[in-house]
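> Encoded as structure tokens, here's the structure I'll be asking about.
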Amino acid sequence: MSGHNKWSTIKRKKGAADAKRGAVFTRLTREIVMAAREGGSDPESNFRLRLAIDKARAENMPKDNIERGIRRGTGEDKDAATFEELTLEGYGPHGSAILVSCVTDNRNRTVADLRHTFSRVGGNMAEAGAVGWQFERKAYFSFPSSQMSYEKAFDLGVIGGADDVVDGGESIEIFGPVESFKTIADALHQAHVTPDEASLRMIAKQELELDVDATLQVMRAVEAIEDLDDVQEVFHNVKLTEEALAAIEAA
């Protein structure tokens, strides 16, 4: 299992990510809002919205919440707050590079909260582009291997234009260029596979190798940033070794 996927699994098991259901729903609602704003209210033609709805249903979000999020995104709910997407950059402990994807209704608040958190965890915010060049955007999918065999996933990935299909034992990951996202997402949907994660991720071009203690410091910083209300996702360039992941799981 790759470092990112195992890290996500550990967080889910320990309840470290979005421990409160309200936080889960907030993030999912914002994803629905942004997806509906970008591509309209029809999930059949708006694949980003379809995936957001699938995630929401997997977390047992009430249908009314989902529909309200769609109305906010399309502008039908005139009283709703206006959200915008931000990608902010910074340096974490030990020179690690960190990108933060946010959805907010108050840019100044989000930037101030993030600046304070970076400082608190031993890092600092950076100007736009300062660390972003170290990453590339990729289509990313992860799903339980019980839903599809690796052989079928590999064939699906090849046909869909994927760069790599990784057998992680309990899970399968597919990586591909941005333009392959819809093709692969549609193919998984038709195969009745519901990904644990389906997104455009920022993947580090070169991973930073640190010792276990230093890696733990970075991941604690990542968790602190993830806990901020306006943060959707956090990307970093630190290599998550099996030793580091074992230490995280045991902590």
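The way I read the labels, and the way they are meant: chains A, B, ... in the order of the structure tokens, residue 1 as the first residue of every chain, and ligand 1 as the first ligand shown, with later ones counted on from there.
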Output as a ChimeraX atom specification all residues of segment 39-215 of chain A that backbone DSSP marks as strand (DSSP E).
/A:84-91,97-104,124-126,135-144,164-167,171-176,197-204
> Can you tell me, as a short mmCIF file (atom, residue, chain, number, x, y, z; two decimals) with C-alpha atoms, in the first residue's frame, what residues are no more than 10 Å from Gly75 of chain A when counting only C-alpha atoms, ignoring any on the same chain fewer than 6 positions away?

```cif
data_model
loop_
_atom_site.label_atom_id
_atom_site.label_comp_id
_atom_site.auth_asym_id
_atom_site.auth_seq_id
_atom_site.Cartn_x
_atom_site.Cartn_y
_atom_site.Cartn_z
CA VAL A 33 -21.14 23.37 -3.65
CA ALA A 36 -22.22 22.24 -8.71
CA ARG A 37 -20.92 25.77 -9.29
CA GLY A 69 -25.44 22.00 -1.27
CA THR A 82 -20.35 32.63 -1.34
#
```
> If you take only C-alpha atoms and a cut-off of 10 Å, which residues of segment 38-147 of chain A touch segment 198-221 of chain A, and what are their nearest atom pairs and distances in Å to one decimal, in chain and number order, as a tab-separated table?

```
residue	atom	partner	partner_atom	distance
A:Arg48	CA	A:Ser199	CA	8.4
A:Leu51	CA	A:Ala198	CA	7.2
A:Ala52	CA	A:Ala198	CA	9.0
A:Lys55	CA	A:Ala198	CA	9.2
A:Tyr91	CA	A:Val218	CA	9.9
A:Gly92	CA	A:Val218	CA	6.4
A:Pro93	CA	A:Val218	CA	5.6
A:His94	CA	A:Ala214	CA	7.1
A:Gly95	CA	A:Leu208	CA	8.9
A:Ser96	CA	A:Leu208	CA	7.1
A:Ala97	CA	A:Leu208	CA	8.7
A:Ile98	CA	A:Val218	CA	9.6
A:Leu99	CA	A:Met202	CA	8.1
A:Val100	CA	A:Met202	CA	9.9
A:Ser101	CA	A:Met202	CA	9.8
A:Thr117	CA	A:Ala221	CA	8.3
A:Phe118	CA	A:Ala221	CA	7.7
A:Ser119	CA	A:Ala221	CA	10.0
A:Arg120	CA	A:Ala221	CA	8.7
A:Val121	CA	A:Ala221	CA	5.4
A:Gly122	CA	A:Ala221	CA	8.1
A:Gly123	CA	A:Ala221	CA	8.5
A:Gly132	CA	A:Met202	CA	8.9
A:Trp133	CA	A:Lys205	CA	8.7
A:Gln134	CA	A:Lys205	CA	5.8
A:Phe135	CA	A:Ala204	CA	4.3
A:Glu136	CA	A:Ile203	CA	5.4
A:Arg137	CA	A:Met202	CA	4.5
A:Lys138	CA	A:Arg201	CA	5.4
A:Ala139	CA	A:Leu200	CA	4.6
A:Tyr140	CA	A:Ser199	CA	5.4
A:Phe141	CA	A:Ala198	CA	4.5
A:Ser142	CA	A:Ala198	CA	6.6
A:Phe143	CA	A:Ala198	CA	8.7
```
> Those same residues - N, CA and C atoms - I'd like them written as a JSON list (two decimals), in the first residue's frame.

```json
[["chain", "number", "residue", "atom", "x", "y", "z"],
["A", 48, "ARG", "N", -17.55, 15.57, -11.37],
["A", 48, "ARG", "CA", -17.06, 16.01, -10.05],
["A", 48, "ARG", "C", -18.19, 16.00, -9.04],
["A", 51, "LEU", "N", -19.13, 12.36, -8.05],
["A", 51, "LEU", "CA", -18.21, 11.78, -7.08],
["A", 51, "LEU", "C", -18.42, 12.38, -5.69],
["A", 52, "ALA", "N", -18.71, 13.69, -5.64],
["A", 52, "ALA", "CA", -18.95, 14.35, -4.36],
["A", 52, "ALA", "C", -20.20, 13.78, -3.69],
["A", 55, "LYS", "N", -19.48, 10.31, -2.32],
["A", 55, "LYS", "CA", -18.76, 10.39, -1.04],
["A", 55, "LYS", "C", -19.72, 10.75, 0.09],
["A", 91, "TYR", "N", 6.04, 26.12, 4.12],
["A", 91, "TYR", "CA", 7.08, 25.17, 4.50],
["A", 91, "TYR", "C", 6.76, 24.63, 5.89],
["A", 92, "GLY", "N", 6.81, 23.32, 6.02],
["A", 92, "GLY", "CA", 6.61, 22.69, 7.32],
["A", 92, "GLY", "C", 7.94, 22.43, 8.00],
["A", 93, "PRO", "N", 7.94, 21.67, 9.09],
["A", 93, "PRO", "CA", 9.18, 21.32, 9.77],
["A", 93, "PRO", "C", 10.17, 20.65, 8.82],
["A", 94, "HIS", "N", 11.46, 20.86, 9.05],
["A", 94, "HIS", "CA", 12.55, 20.22, 8.30],
["A", 94, "HIS", "C", 12.52, 20.54, 6.82],
["A", 95, "GLY", "N", 12.00, 21.72, 6.47],
["A", 95, "GLY", "CA", 12.02, 22.15, 5.09],
["A", 95, "GLY", "C", 11.02, 21.45, 4.19],
["A", 96, "SER", "N", 10.05, 20.76, 4.78],
["A", 96, "SER", "CA", 9.04, 20.07, 3.98],
["A", 96, "SER", "C", 8.17, 21.08, 3.23],
["A", 97, "ALA", "N", 7.75, 20.69, 2.04],
["A", 97, "ALA", "CA", 6.88, 21.53, 1.22],
["A", 97, "ALA", "C", 5.43, 21.11, 1.42],
["A", 98, "ILE", "N", 4.55, 22.10, 1.64],
["A", 98, "ILE", "CA", 3.15, 21.81, 1.93],
["A", 98, "ILE", "C", 2.25, 22.70, 1.09],
["A", 99, "LEU", "N", 1.28, 22.08, 0.43],
["A", 99, "LEU", "CA", 0.23, 22.78, -0.30],
["A", 99, "LEU", "C", -1.09, 22.54, 0.41],
["A", 100, "VAL", "N", -1.89, 23.58, 0.54],
["A", 100, "VAL", "CA", -3.16, 23.48, 1.27],
["A", 100, "VAL", "C", -4.31, 23.93, 0.38],
["A", 101, "SER", "N", -5.26, 23.02, 0.15],
["A", 101, "SER", "CA", -6.45, 23.34, -0.64],
["A", 101, "SER", "C", -7.57, 23.75, 0.32],
["A", 117, "THR", "N", -1.20, 28.75, 12.16],
["A", 117, "THR", "CA", -0.95, 27.31, 12.35],
["A", 117, "THR", "C", 0.42, 26.92, 11.84],
["A", 118, "PHE", "N", 0.81, 27.43, 10.68],
["A", 118, "PHE", "CA", 2.15, 27.15, 10.17],
["A", 118, "PHE", "C", 3.20, 27.58, 11.20],
["A", 119, "SER", "N", 3.04, 28.76, 11.76],
["A", 119, "SER", "CA", 3.99, 29.26, 12.75],
["A", 119, "SER", "C", 4.02, 28.38, 13.98],
["A", 120, "ARG", "N", 2.84, 27.94, 14.41],
["A", 120, "ARG", "CA", 2.73, 27.12, 15.63],
["A", 120, "ARG", "C", 3.42, 25.76, 15.48],
["A", 121, "VAL", "N", 3.42, 25.20, 14.26],
["A", 121, "VAL", "CA", 4.00, 23.87, 14.07],
["A", 121, "VAL", "C", 5.45, 23.92, 13.58],
["A", 122, "GLY", "N", 6.03, 25.13, 13.60],
["A", 122, "GLY", "CA", 7.44, 25.24, 13.24],
["A", 122, "GLY", "C", 7.70, 25.45, 11.77],
["A", 123, "GLY", "N", 6.72, 25.99, 11.06],
["A", 123, "GLY", "CA", 6.90, 26.27, 9.65],
["A", 123, "GLY", "C", 6.55, 27.71, 9.35],
["A", 132, "GLY", "N", 4.94, 25.31, -4.96],
["A", 132, "GLY", "CA", 4.03, 24.64, -5.89],
["A", 132, "GLY", "C", 4.73, 23.96, -7.04],
["A", 133, "TRP", "N", 5.89, 24.49, -7.45],
["A", 133, "TRP", "CA", 6.63, 23.90, -8.58],
["A", 133, "TRP", "C", 7.13, 22.49, -8.27],
["A", 134, "GLN", "N", 7.15, 22.14, -6.98],
["A", 134, "GLN", "CA", 7.63, 20.82, -6.60],
["A", 134, "GLN", "C", 6.56, 19.73, -6.74],
["A", 135, "PHE", "N", 5.37, 20.12, -7.16],
["A", 135, "PHE", "CA", 4.26, 19.18, -7.28],
["A", 135, "PHE", "C", 3.71, 19.19, -8.70],
["A", 136, "GLU", "N", 3.02, 18.11, -9.06],
["A", 136, "GLU", "CA", 2.28, 18.06, -10.31],
["A", 136, "GLU", "C", 0.89, 17.48, -10.04],
["A", 137, "ARG", "N", -0.08, 18.02, -10.73],
["A", 137, "ARG", "CA", -1.46, 17.58, -10.52],
["A", 137, "ARG", "C", -1.72, 16.27, -11.26],
["A", 138, "LYS", "N", -2.28, 15.31, -10.56],
["A", 138, "LYS", "CA", -2.57, 13.99, -11.13],
["A", 138, "LYS", "C", -3.99, 13.56, -10.77],
["A", 139, "ALA", "N", -4.58, 12.80, -11.67],
["A", 139, "ALA", "CA", -5.84, 12.13, -11.34],
["A", 139, "ALA", "C", -5.49, 10.97, -10.41],
["A", 140, "TYR", "N", -6.27, 10.83, -9.34],
["A", 140, "TYR", "CA", -5.96, 9.80, -8.34],
["A", 140, "TYR", "C", -7.23, 9.10, -7.89],
["A", 141, "PHE", "N", -7.17, 7.78, -7.86],
["A", 141, "PHE", "CA", -8.30, 6.97, -7.40],
["A", 141, "PHE", "C", -7.78, 5.89, -6.46],
["A", 142, "SER", "N", -8.51, 5.64, -5.39],
["A", 142, "SER", "CA", -8.19, 4.55, -4.47],
["A", 142, "SER", "C", -9.49, 3.85, -4.09],
["A", 143, "PHE", "N", -9.49, 2.53, -4.16],
["A", 143, "PHE", "CA", -10.70, 1.78, -3.81],
["A", 143, "PHE", "C", -10.31, 0.40, -3.27]]
```
> Going by DSSP on the backbone, which residues of segment 49-190 of chain A come out as alpha helix (DSSP H)? List them as a PDB file with C-alpha atoms, in the first residue's frame.

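Final output, saved to part-v9.pdb:
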```pdb
ATOM      1  CA  LEU A  49     -20.520  16.450  -8.556  1.00  0.00           C
ATOM      2  CA  ARG A  50     -21.341  12.773  -8.997  1.00  0.00           C
ATOM      3  CA  LEU A  51     -18.214  11.778  -7.077  1.00  0.00           C
ATOM      4  CA  ALA A  52     -18.947  14.349  -4.355  1.00  0.00           C
ATOM      5  CA  ILE A  53     -22.477  12.966  -3.970  1.00  0.00           C
ATOM      6  CA  ASP A  54     -21.141   9.392  -3.840  1.00  0.00           C
ATOM      7  CA  LYS A  55     -18.761  10.395  -1.037  1.00  0.00           C
ATOM      8  CA  ALA A  56     -21.572  12.149   0.827  1.00  0.00           C
ATOM      9  CA  ARG A  57     -23.827   9.104   0.584  1.00  0.00           C
ATOM     10  CA  ALA A  58     -20.999   6.862   1.784  1.00  0.00           C
ATOM     11  CA  LYS A  63     -30.448  13.748   1.110  1.00  0.00           C
ATOM     12  CA  ASP A  64     -31.673  17.226   2.115  1.00  0.00           C
ATOM     13  CA  ASN A  65     -28.111  18.306   2.912  1.00  0.00           C
ATOM     14  CA  ILE A  66     -26.900  17.096  -0.473  1.00  0.00           C
ATOM     15  CA  GLU A  67     -29.684  18.877  -2.342  1.00  0.00           C
ATOM     16  CA  ARG A  68     -29.122  22.069  -0.337  1.00  0.00           C
ATOM     17  CA  GLY A  69     -25.439  21.996  -1.273  1.00  0.00           C
ATOM     18  CA  ILE A  70     -26.304  21.651  -4.946  1.00  0.00           C
ATOM     19  CA  ARG A  71     -28.713  24.601  -4.752  1.00  0.00           C
ATOM     20  CA  ARG A  72     -26.030  26.711  -3.088  1.00  0.00           C
ATOM     21  CA  GLY A  73     -23.605  25.845  -5.847  1.00  0.00           C
ATOM     22  CA  THR A  74     -25.965  26.692  -8.687  1.00  0.00           C
ATOM     23  CA  ARG A 107     -10.306  34.641   2.526  1.00  0.00           C
ATOM     24  CA  ASN A 108      -8.723  36.869   5.179  1.00  0.00           C
ATOM     25  CA  ARG A 109      -9.799  34.570   8.001  1.00  0.00           C
ATOM     26  CA  THR A 110      -8.504  31.499   6.204  1.00  0.00           C
ATOM     27  CA  VAL A 111      -5.110  33.029   5.437  1.00  0.00           C
ATOM     28  CA  ALA A 112      -4.737  34.314   9.026  1.00  0.00           C
ATOM     29  CA  ASP A 113      -5.677  30.917  10.522  1.00  0.00           C
ATOM     30  CA  LEU A 114      -3.278  29.115   8.235  1.00  0.00           C
ATOM     31  CA  ARG A 115      -0.430  31.550   8.868  1.00  0.00           C
ATOM     32  CA  HIS A 116      -0.884  31.111  12.631  1.00  0.00           C
ATOM     33  CA  THR A 117      -0.949  27.313  12.354  1.00  0.00           C
ATOM     34  CA  PHE A 118       2.155  27.151  10.172  1.00  0.00           C
ATOM     35  CA  SER A 119       3.993  29.262  12.746  1.00  0.00           C
ATOM     36  CA  ARG A 120       2.728  27.121  15.625  1.00  0.00           C
ATOM     37  CA  TYR A 150      -5.989  -5.842  -9.707  1.00  0.00           C
ATOM     38  CA  GLU A 151      -5.993  -7.427 -13.177  1.00  0.00           C
ATOM     39  CA  LYS A 152      -9.305  -5.778 -14.091  1.00  0.00           C
ATOM     40  CA  ALA A 153      -8.199  -2.492 -12.541  1.00  0.00           C
ATOM     41  CA  PHE A 154      -4.977  -2.615 -14.541  1.00  0.00           C
ATOM     42  CA  ASP A 155      -6.878  -3.172 -17.786  1.00  0.00           C
ATOM     43  CA  LEU A 156      -9.313  -0.388 -16.895  1.00  0.00           C
ATOM     44  CA  GLY A 157      -6.415   1.941 -16.151  1.00  0.00           C
ATOM     45  CA  VAL A 158      -4.608   1.167 -19.394  1.00  0.00           C
ATOM     46  CA  ILE A 159      -7.751   1.792 -21.446  1.00  0.00           C
ATOM     47  CA  GLY A 160      -8.475   4.975 -19.457  1.00  0.00           C
ATOM     48  CA  PHE A 181      -9.845  11.734 -14.712  1.00  0.00           C
ATOM     49  CA  LYS A 182     -13.312  11.693 -16.275  1.00  0.00           C
ATOM     50  CA  THR A 183     -12.619   8.617 -18.411  1.00  0.00           C
ATOM     51  CA  ILE A 184     -11.361   6.582 -15.450  1.00  0.00           C
ATOM     52  CA  ALA A 185     -14.091   7.912 -13.131  1.00  0.00           C
ATOM     53  CA  ASP A 186     -16.791   6.957 -15.649  1.00  0.00           C
ATOM     54  CA  ALA A 187     -15.274   3.492 -16.127  1.00  0.00           C
ATOM     55  CA  LEU A 188     -15.204   2.854 -12.365  1.00  0.00           C
ATOM     56  CA  HIS A 189     -18.766   4.095 -12.035  1.00  0.00           C
ATOM     57  CA  GLN A 190     -19.931   1.739 -14.802  1.00  0.00           C
TER      58      GLN A 190
END
```
> In Å, with one decimal, what is the gap from atom CA of Asp77 of chain A to atom CA of Asn46 of chain A?
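Separation of atom CA of Asp77 of chain A and atom CA of Asn46 of chain A: 19.4 Å.
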> Given only C-alpha atoms as the basis, pick out the residue of A:Ser146, A:Ala162, A:Arg27, A:Ser180 nearest to Cys102 of chain A.
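Using only C-alpha atoms, Cys102 of chain A sits closest to A:Arg27.
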> Can you tell me how far atom CA of Ala35 of chain A sits from atom CA of Val165 of chain A, in Å to one decimal?
26.2 Å
> Mind pulling up the distance from atom CA of Glu84 of chain A to atom CA of Asn124 of chain A?
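According to the coordinates, atom CA of Asn124 of chain A and atom CA of Glu84 of chain A are separated by 22.8 Å.
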